>>> print(open('run-v8.txt').read())   # compact mmCIF, N, CA and C atoms
# COMPACT_ATOMS: atom_id res chain seq x y z
N MET H 1 -62.84 -102.06 125.64
CA MET H 1 -62.69 -103.39 125.07
C MET H 1 -61.79 -104.21 125.98
N ASN H 2 -62.15 -105.47 126.13
CA ASN H 2 -61.37 -106.39 126.94
C ASN H 2 -60.97 -107.58 126.08
N VAL H 3 -59.67 -107.69 125.77
CA VAL H 3 -59.16 -108.81 124.99
C VAL H 3 -58.83 -109.93 125.96
N LEU H 4 -59.54 -111.04 125.86
CA LEU H 4 -59.40 -112.14 126.81
C LEU H 4 -58.30 -113.12 126.43
N LYS H 5 -58.08 -113.31 125.14
CA LYS H 5 -57.15 -114.34 124.68
C LYS H 5 -56.62 -113.96 123.30
N ILE H 6 -55.34 -114.28 123.07
CA ILE H 6 -54.71 -114.02 121.78
C ILE H 6 -54.09 -115.32 121.29
N GLU H 7 -54.39 -115.68 120.05
CA GLU H 7 -53.79 -116.86 119.44
C GLU H 7 -53.34 -116.51 118.03
N GLN H 8 -52.29 -117.17 117.58
CA GLN H 8 -51.89 -116.99 116.19
C GLN H 8 -52.73 -117.87 115.29
N GLY H 9 -52.90 -117.42 114.06
CA GLY H 9 -53.66 -118.19 113.09
C GLY H 9 -55.03 -117.60 112.88
N GLY H 10 -55.87 -118.40 112.34
CA GLY H 10 -57.21 -117.94 112.01
C GLY H 10 -57.29 -117.60 110.54
N CYS H 11 -58.47 -117.41 110.07
CA CYS H 11 -58.71 -117.12 108.66
C CYS H 11 -58.73 -115.62 108.44
N THR H 12 -57.76 -115.11 107.71
CA THR H 12 -57.73 -113.68 107.42
C THR H 12 -57.85 -113.41 105.92
N ASN H 13 -58.09 -114.44 105.11
CA ASN H 13 -58.29 -114.23 103.68
C ASN H 13 -59.48 -113.33 103.45
N GLY H 14 -59.29 -112.32 102.63
CA GLY H 14 -60.36 -111.38 102.34
C GLY H 14 -60.42 -110.20 103.30
N SER H 15 -59.50 -110.15 104.26
CA SER H 15 -59.47 -109.00 105.16
C SER H 15 -58.86 -107.80 104.42
N SER H 16 -59.02 -106.63 104.99
CA SER H 16 -58.47 -105.42 104.36
C SER H 16 -58.00 -104.45 105.42
N LEU H 17 -57.31 -103.42 104.99
CA LEU H 17 -56.76 -102.41 105.89
C LEU H 17 -57.87 -101.76 106.71
N LYS H 18 -57.67 -101.75 108.03
CA LYS H 18 -58.64 -101.12 108.93
C LYS H 18 -58.03 -100.01 109.77
N GLY H 19 -56.69 -99.97 109.83
CA GLY H 19 -56.06 -98.92 110.63
C GLY H 19 -54.58 -99.17 110.79
N TYR H 20 -54.00 -98.50 111.77
CA TYR H 20 -52.56 -98.54 112.00
C TYR H 20 -52.27 -98.61 113.49
N VAL H 21 -51.07 -99.09 113.80
CA VAL H 21 -50.58 -99.03 115.17
C VAL H 21 -49.11 -98.67 115.11
N ASN H 22 -48.71 -97.69 115.90
CA ASN H 22 -47.30 -97.31 115.99
C ASN H 22 -46.68 -98.15 117.10
N ALA H 23 -45.70 -98.96 116.72
CA ALA H 23 -45.11 -99.88 117.69
C ALA H 23 -43.72 -100.30 117.24
N ASN H 24 -43.00 -100.83 118.18
CA ASN H 24 -41.70 -101.42 117.96
C ASN H 24 -41.89 -102.91 117.68
N TYR H 25 -41.10 -103.44 116.76
CA TYR H 25 -41.19 -104.86 116.40
C TYR H 25 -41.10 -105.76 117.64
N ASN H 26 -40.15 -105.48 118.53
CA ASN H 26 -39.96 -106.33 119.71
C ASN H 26 -41.17 -106.31 120.63
N ASP H 27 -41.86 -105.17 120.71
CA ASP H 27 -43.08 -105.12 121.52
C ASP H 27 -44.18 -105.98 120.90
N LEU H 28 -44.27 -105.96 119.57
CA LEU H 28 -45.27 -106.81 118.91
C LEU H 28 -44.97 -108.29 119.15
N VAL H 29 -43.70 -108.66 119.12
CA VAL H 29 -43.32 -110.05 119.39
C VAL H 29 -43.67 -110.43 120.83
N ARG H 30 -43.44 -109.54 121.78
CA ARG H 30 -43.78 -109.83 123.18
C ARG H 30 -45.28 -110.07 123.36
N VAL H 31 -46.09 -109.34 122.63
CA VAL H 31 -47.54 -109.44 122.81
C VAL H 31 -48.16 -110.54 121.94
N PHE H 32 -47.73 -110.63 120.68
CA PHE H 32 -48.39 -111.52 119.72
C PHE H 32 -47.55 -112.73 119.31
N GLY H 33 -46.34 -112.85 119.84
CA GLY H 33 -45.46 -113.95 119.46
C GLY H 33 -44.69 -113.63 118.19
N GLU H 34 -43.92 -114.59 117.73
CA GLU H 34 -43.15 -114.39 116.50
C GLU H 34 -44.11 -114.20 115.32
N PRO H 35 -43.70 -113.46 114.31
CA PRO H 35 -44.58 -113.27 113.15
C PRO H 35 -44.99 -114.59 112.52
N THR H 36 -46.18 -114.62 111.99
CA THR H 36 -46.69 -115.78 111.28
C THR H 36 -45.96 -115.94 109.95
N TYR H 37 -45.55 -114.82 109.38
CA TYR H 37 -44.93 -114.82 108.05
C TYR H 37 -43.74 -113.88 108.03
N LYS H 38 -42.61 -114.38 107.57
CA LYS H 38 -41.44 -113.57 107.25
C LYS H 38 -41.06 -113.92 105.81
N ALA H 39 -41.12 -112.94 104.93
CA ALA H 39 -40.96 -113.19 103.50
C ALA H 39 -39.64 -113.87 103.17
N GLU H 40 -38.58 -113.47 103.82
CA GLU H 40 -37.27 -114.04 103.49
C GLU H 40 -37.15 -115.50 103.89
N GLU H 41 -38.00 -115.95 104.80
CA GLU H 41 -38.01 -117.36 105.20
C GLU H 41 -39.03 -118.17 104.41
N SER H 42 -39.90 -117.48 103.68
CA SER H 42 -40.97 -118.15 102.95
C SER H 42 -40.78 -118.11 101.44
N GLY H 43 -39.60 -117.70 101.01
CA GLY H 43 -39.30 -117.77 99.59
C GLY H 43 -39.59 -116.53 98.77
N GLY H 44 -39.82 -115.42 99.39
CA GLY H 44 -40.01 -114.23 98.59
C GLY H 44 -40.93 -113.22 99.21
N MET H 45 -41.10 -112.14 98.51
CA MET H 45 -41.88 -111.03 99.03
C MET H 45 -42.78 -110.49 97.94
N ASP H 46 -44.03 -110.29 98.24
CA ASP H 46 -44.93 -109.61 97.31
C ASP H 46 -44.95 -108.13 97.71
N LYS H 47 -45.69 -107.80 98.75
CA LYS H 47 -45.72 -106.43 99.25
C LYS H 47 -45.50 -106.38 100.75
N VAL H 48 -45.41 -107.54 101.38
CA VAL H 48 -45.29 -107.64 102.84
C VAL H 48 -44.05 -108.44 103.19
N TRP H 49 -43.25 -107.93 104.12
CA TRP H 49 -42.08 -108.66 104.63
C TRP H 49 -42.39 -109.39 105.92
N THR H 50 -43.23 -108.78 106.75
CA THR H 50 -43.49 -109.32 108.09
C THR H 50 -44.99 -109.23 108.37
N GLU H 51 -45.55 -110.34 108.89
CA GLU H 51 -47.00 -110.33 109.16
C GLU H 51 -47.35 -111.26 110.32
N TRP H 52 -48.28 -110.81 111.12
CA TRP H 52 -48.91 -111.64 112.15
C TRP H 52 -50.36 -111.86 111.74
N ASP H 53 -50.81 -113.10 111.74
CA ASP H 53 -52.22 -113.43 111.59
C ASP H 53 -52.69 -113.85 112.97
N ILE H 54 -53.59 -113.09 113.54
CA ILE H 54 -53.99 -113.36 114.92
C ILE H 54 -55.51 -113.43 115.06
N GLU H 55 -55.90 -114.18 116.07
CA GLU H 55 -57.30 -114.34 116.42
C GLU H 55 -57.40 -113.98 117.90
N MET H 56 -58.30 -113.06 118.21
CA MET H 56 -58.45 -112.61 119.59
C MET H 56 -59.87 -112.87 120.08
N GLU H 57 -59.98 -113.37 121.29
CA GLU H 57 -61.27 -113.51 121.94
C GLU H 57 -61.52 -112.22 122.71
N VAL H 58 -62.64 -111.59 122.41
CA VAL H 58 -62.97 -110.29 122.99
C VAL H 58 -64.28 -110.40 123.76
N ALA H 59 -64.29 -109.84 124.95
CA ALA H 59 -65.51 -109.87 125.78
C ALA H 59 -66.60 -109.03 125.13
N ASP H 60 -67.83 -109.55 125.19
CA ASP H 60 -69.00 -108.79 124.75
C ASP H 60 -69.41 -107.90 125.92
N GLU H 61 -68.98 -106.67 125.87
CA GLU H 61 -69.16 -105.77 127.01
C GLU H 61 -70.62 -105.42 127.30
N PHE H 62 -71.47 -105.48 126.30
CA PHE H 62 -72.84 -105.03 126.49
C PHE H 62 -73.86 -106.16 126.47
N SER H 63 -73.40 -107.39 126.68
CA SER H 63 -74.31 -108.53 126.71
C SER H 63 -75.03 -108.57 128.06
N LEU H 64 -76.32 -108.37 128.03
CA LEU H 64 -77.10 -108.39 129.26
C LEU H 64 -77.48 -109.81 129.65
N ASP H 65 -77.57 -110.70 128.65
CA ASP H 65 -77.99 -112.08 128.91
C ASP H 65 -76.88 -112.93 129.51
N ASP H 66 -75.67 -112.70 129.08
CA ASP H 66 -74.55 -113.56 129.51
C ASP H 66 -73.32 -112.70 129.76
N PRO H 67 -72.97 -112.45 131.03
CA PRO H 67 -71.82 -111.61 131.33
C PRO H 67 -70.48 -112.21 130.89
N ASP H 68 -70.47 -113.52 130.58
CA ASP H 68 -69.24 -114.16 130.12
C ASP H 68 -69.18 -114.29 128.60
N ALA H 69 -70.12 -113.68 127.90
CA ALA H 69 -70.17 -113.79 126.44
C ALA H 69 -68.96 -113.14 125.80
N SER H 70 -68.50 -113.75 124.71
CA SER H 70 -67.37 -113.21 123.97
C SER H 70 -67.52 -113.55 122.50
N HIS H 71 -66.68 -112.95 121.69
CA HIS H 71 -66.67 -113.24 120.27
C HIS H 71 -65.23 -113.15 119.76
N THR H 72 -65.02 -113.62 118.53
CA THR H 72 -63.68 -113.67 117.94
C THR H 72 -63.47 -112.51 116.98
N VAL H 73 -62.29 -111.93 117.07
CA VAL H 73 -61.88 -110.87 116.15
C VAL H 73 -60.62 -111.34 115.44
N GLN H 74 -60.65 -111.34 114.12
CA GLN H 74 -59.50 -111.71 113.31
C GLN H 74 -58.76 -110.44 112.92
N ALA H 75 -57.42 -110.50 112.94
CA ALA H 75 -56.64 -109.32 112.54
C ALA H 75 -55.30 -109.76 111.96
N THR H 76 -54.76 -108.89 111.15
CA THR H 76 -53.39 -109.04 110.67
C THR H 76 -52.64 -107.76 111.02
N ILE H 77 -51.37 -107.92 111.33
CA ILE H 77 -50.48 -106.78 111.55
C ILE H 77 -49.34 -106.98 110.57
N TYR H 78 -49.03 -105.96 109.78
CA TYR H 78 -48.04 -106.17 108.72
C TYR H 78 -47.38 -104.86 108.29
N ASP H 79 -46.17 -105.00 107.75
CA ASP H 79 -45.53 -103.86 107.09
C ASP H 79 -46.05 -103.81 105.66
N TRP H 80 -45.73 -102.75 104.92
CA TRP H 80 -46.30 -102.63 103.58
C TRP H 80 -45.34 -101.92 102.65
N LYS H 81 -44.94 -102.63 101.61
CA LYS H 81 -44.12 -102.09 100.52
C LYS H 81 -42.84 -101.41 101.00
N GLU H 82 -42.12 -102.06 101.89
CA GLU H 82 -40.84 -101.53 102.35
C GLU H 82 -39.71 -102.06 101.47
N ASN H 83 -38.54 -101.44 101.57
CA ASN H 83 -37.39 -101.82 100.76
C ASN H 83 -36.71 -103.10 101.23
N GLY H 84 -37.03 -103.57 102.39
CA GLY H 84 -36.44 -104.79 102.91
C GLY H 84 -37.09 -105.15 104.23
N PRO H 85 -36.80 -106.34 104.75
CA PRO H 85 -37.46 -106.81 105.97
C PRO H 85 -37.09 -106.04 107.22
N TYR H 86 -35.95 -105.37 107.22
CA TYR H 86 -35.48 -104.75 108.45
C TYR H 86 -35.89 -103.29 108.59
N VAL H 87 -36.51 -102.73 107.57
CA VAL H 87 -36.99 -101.35 107.68
C VAL H 87 -37.95 -101.25 108.86
N ALA H 88 -38.95 -102.11 108.90
CA ALA H 88 -39.93 -102.09 109.99
C ALA H 88 -39.39 -102.74 111.25
N ARG H 89 -38.66 -103.84 111.10
CA ARG H 89 -38.21 -104.61 112.26
C ARG H 89 -37.17 -103.89 113.11
N GLU H 90 -36.39 -103.02 112.51
CA GLU H 90 -35.33 -102.34 113.26
C GLU H 90 -35.66 -100.90 113.62
N ALA H 91 -36.80 -100.41 113.21
CA ALA H 91 -37.20 -99.04 113.54
C ALA H 91 -37.53 -98.92 115.02
N ASN H 92 -37.20 -97.78 115.61
CA ASN H 92 -37.59 -97.55 117.01
C ASN H 92 -39.11 -97.62 117.15
N THR H 93 -39.79 -97.00 116.23
CA THR H 93 -41.24 -97.08 116.14
C THR H 93 -41.60 -97.12 114.67
N TYR H 94 -42.51 -98.01 114.33
CA TYR H 94 -42.93 -98.16 112.94
C TYR H 94 -44.46 -98.10 112.89
N ARG H 95 -44.97 -97.58 111.82
CA ARG H 95 -46.43 -97.50 111.62
C ARG H 95 -46.89 -98.77 110.92
N TRP H 96 -47.26 -99.78 111.73
CA TRP H 96 -47.72 -101.06 111.21
C TRP H 96 -49.15 -100.95 110.72
N HIS H 97 -49.47 -101.67 109.67
CA HIS H 97 -50.83 -101.74 109.14
C HIS H 97 -51.62 -102.81 109.92
N ILE H 98 -52.89 -102.54 110.13
CA ILE H 98 -53.77 -103.52 110.77
C ILE H 98 -54.87 -103.86 109.77
N GLY H 99 -54.99 -105.13 109.47
CA GLY H 99 -56.05 -105.61 108.60
C GLY H 99 -57.08 -106.38 109.40
N GLY H 100 -58.27 -106.46 108.86
CA GLY H 100 -59.33 -107.21 109.52
C GLY H 100 -60.59 -107.19 108.68
N PHE H 101 -61.64 -107.67 109.26
CA PHE H 101 -62.93 -107.70 108.57
C PHE H 101 -63.82 -106.52 108.96
N ASP H 102 -63.48 -105.87 110.08
CA ASP H 102 -64.16 -104.65 110.48
C ASP H 102 -63.20 -103.85 111.36
N TYR H 103 -63.63 -102.66 111.74
CA TYR H 103 -62.73 -101.77 112.48
C TYR H 103 -62.48 -102.22 113.91
N GLU H 104 -63.18 -103.22 114.36
CA GLU H 104 -62.92 -103.78 115.68
C GLU H 104 -61.52 -104.40 115.73
N ALA H 105 -60.99 -104.82 114.58
CA ALA H 105 -59.64 -105.39 114.52
C ALA H 105 -58.62 -104.38 115.00
N GLU H 106 -58.73 -103.14 114.55
CA GLU H 106 -57.79 -102.11 114.98
C GLU H 106 -57.89 -101.88 116.49
N ASP H 107 -59.10 -101.77 116.99
CA ASP H 107 -59.31 -101.55 118.42
C ASP H 107 -58.74 -102.70 119.24
N ALA H 108 -58.98 -103.93 118.81
CA ALA H 108 -58.50 -105.10 119.55
C ALA H 108 -56.98 -105.17 119.56
N VAL H 109 -56.34 -104.92 118.43
CA VAL H 109 -54.87 -104.94 118.37
C VAL H 109 -54.29 -103.87 119.28
N GLN H 110 -54.79 -102.66 119.17
CA GLN H 110 -54.25 -101.58 120.00
C GLN H 110 -54.50 -101.83 121.49
N THR H 111 -55.67 -102.33 121.83
CA THR H 111 -55.98 -102.63 123.24
C THR H 111 -55.07 -103.72 123.77
N ALA H 112 -54.91 -104.81 123.02
CA ALA H 112 -54.05 -105.91 123.46
C ALA H 112 -52.62 -105.44 123.66
N LEU H 113 -52.13 -104.66 122.74
CA LEU H 113 -50.76 -104.16 122.82
C LEU H 113 -50.58 -103.24 124.02
N LEU H 114 -51.44 -102.27 124.17
CA LEU H 114 -51.31 -101.31 125.28
C LEU H 114 -51.50 -101.98 126.64
N ASP H 115 -52.48 -102.88 126.75
CA ASP H 115 -52.71 -103.57 128.03
C ASP H 115 -51.50 -104.40 128.44
N ARG H 116 -50.93 -105.15 127.49
CA ARG H 116 -49.77 -105.99 127.79
C ARG H 116 -48.55 -105.16 128.16
N LEU H 117 -48.30 -104.11 127.41
CA LEU H 117 -47.14 -103.27 127.70
C LEU H 117 -47.30 -102.56 129.05
N ALA H 118 -48.51 -102.15 129.39
CA ALA H 118 -48.77 -101.53 130.68
C ALA H 118 -48.51 -102.51 131.81
N LYS H 119 -48.90 -103.77 131.63
CA LYS H 119 -48.64 -104.79 132.66
C LYS H 119 -47.15 -105.04 132.82
N ASP H 120 -46.42 -105.06 131.70
CA ASP H 120 -44.97 -105.27 131.76
C ASP H 120 -44.26 -104.14 132.49
N ILE H 121 -44.74 -102.90 132.29
CA ILE H 121 -44.13 -101.74 132.95
C ILE H 121 -44.43 -101.77 134.44
N ALA H 122 -45.64 -102.20 134.81
CA ALA H 122 -46.05 -102.23 136.21
C ALA H 122 -45.30 -103.26 137.04
N VAL H 123 -44.76 -104.27 136.37
CA VAL H 123 -44.09 -105.35 137.10
C VAL H 123 -42.71 -104.97 137.51
>>> encode(input="run-v8.txt", output="structure tokens")
Amino acid sequence: MNVLKIEQGGCTNGSSLKGYVNANYNDLVRVFGEPTYKAEESGGMDKVWTEWDIEMEVADEFSLDDPDASHTVQATIYDWKENGPYVAREANTYRWHIGGFDYEAEDAVQTALLDRLAKDIAV
């Protein structure tokens, strides 16, 4: 999978859990920017303290007609039912939940994260 572009936002209403990614909060911020939602800044918490709503442009690897073809993958990355906002944010590694409309969301999040971190290490 080749993630071409990452943007915050997009429509994630109706998405559901598709997988997990083990990561550090600061690495997620480096790759996806500041979280879209922080419960303590938004007036409360239901079951999530921290969340990214992201939209990724992904190359269509098997398109024979158009080698530049791509499509959009919507995903959310979030903590789930923690005792406070810093449980996930301050952990060395945390098991973040990945939501989306299909399992491609998990693949795209993990690919984007690993590719970016590998580039940072190489520099």
>>> closest_residue(input="run-v8.txt", among="H:Arg116, H:Gly99, H:Ala105, H:Asn2", to="Asp60 (chain H)", atoms="only C-alpha atoms")
H:Asn2
>>> select_by_dssp(input="run-v8.txt", residues="chain H", states="strand (DSSP E or B)", output="number ranges by chain")
H: 3-8, 16-23, 37-38, 50-59, 70-78, 94-100
>>> closest_atom_pairs(input="run-v8.txt", of="region 24-74 of chain H", to="region 89-92 of chain H", cutoff="7 Å", atoms="all atoms listed in the file", output="JSON lines")
{"residue": "H:Asn24", "atom": "CA", "partner": "H:Asn92", "partner_atom": "C", "distance": 4.7}
{"residue": "H:Tyr25", "atom": "CA", "partner": "H:Arg89", "partner_atom": "CA", "distance": 5.1}
{"residue": "H:Asn26", "atom": "N", "partner": "H:Arg89", "partner_atom": "C", "distance": 6.4}
>>> axis_aligned_box(input="run-v8.txt", around="region 25-44 of chain H", padding_each_side="6 Å", output="lines of an AutoDock Vina configuration file")
center_x = -42.8
center_y = -110.8
center_z = 111.0
size_x = 23.2
size_y = 26.7
size_z = 36.8
>>> atom_distance(input="run-v8.txt", atom1="atom C of Glu34 (chain H)", atom2="CA of Ala69 (chain H)")
28.3 Å
>>> closest_residue(input="run-v8.txt", among="H:Lys81, H:Lys47, H:His97, H:Lys5", to="Ala112 (chain H)", atoms="only C-alpha atoms")
H:Lys5
>>> closest_residue(input="run-v8.txt", among="H:Val58, H:Val48, H:Ile121, H:Ala88", to="Ala108 (chain H)", atoms="only C-alpha atoms")
H:Val58
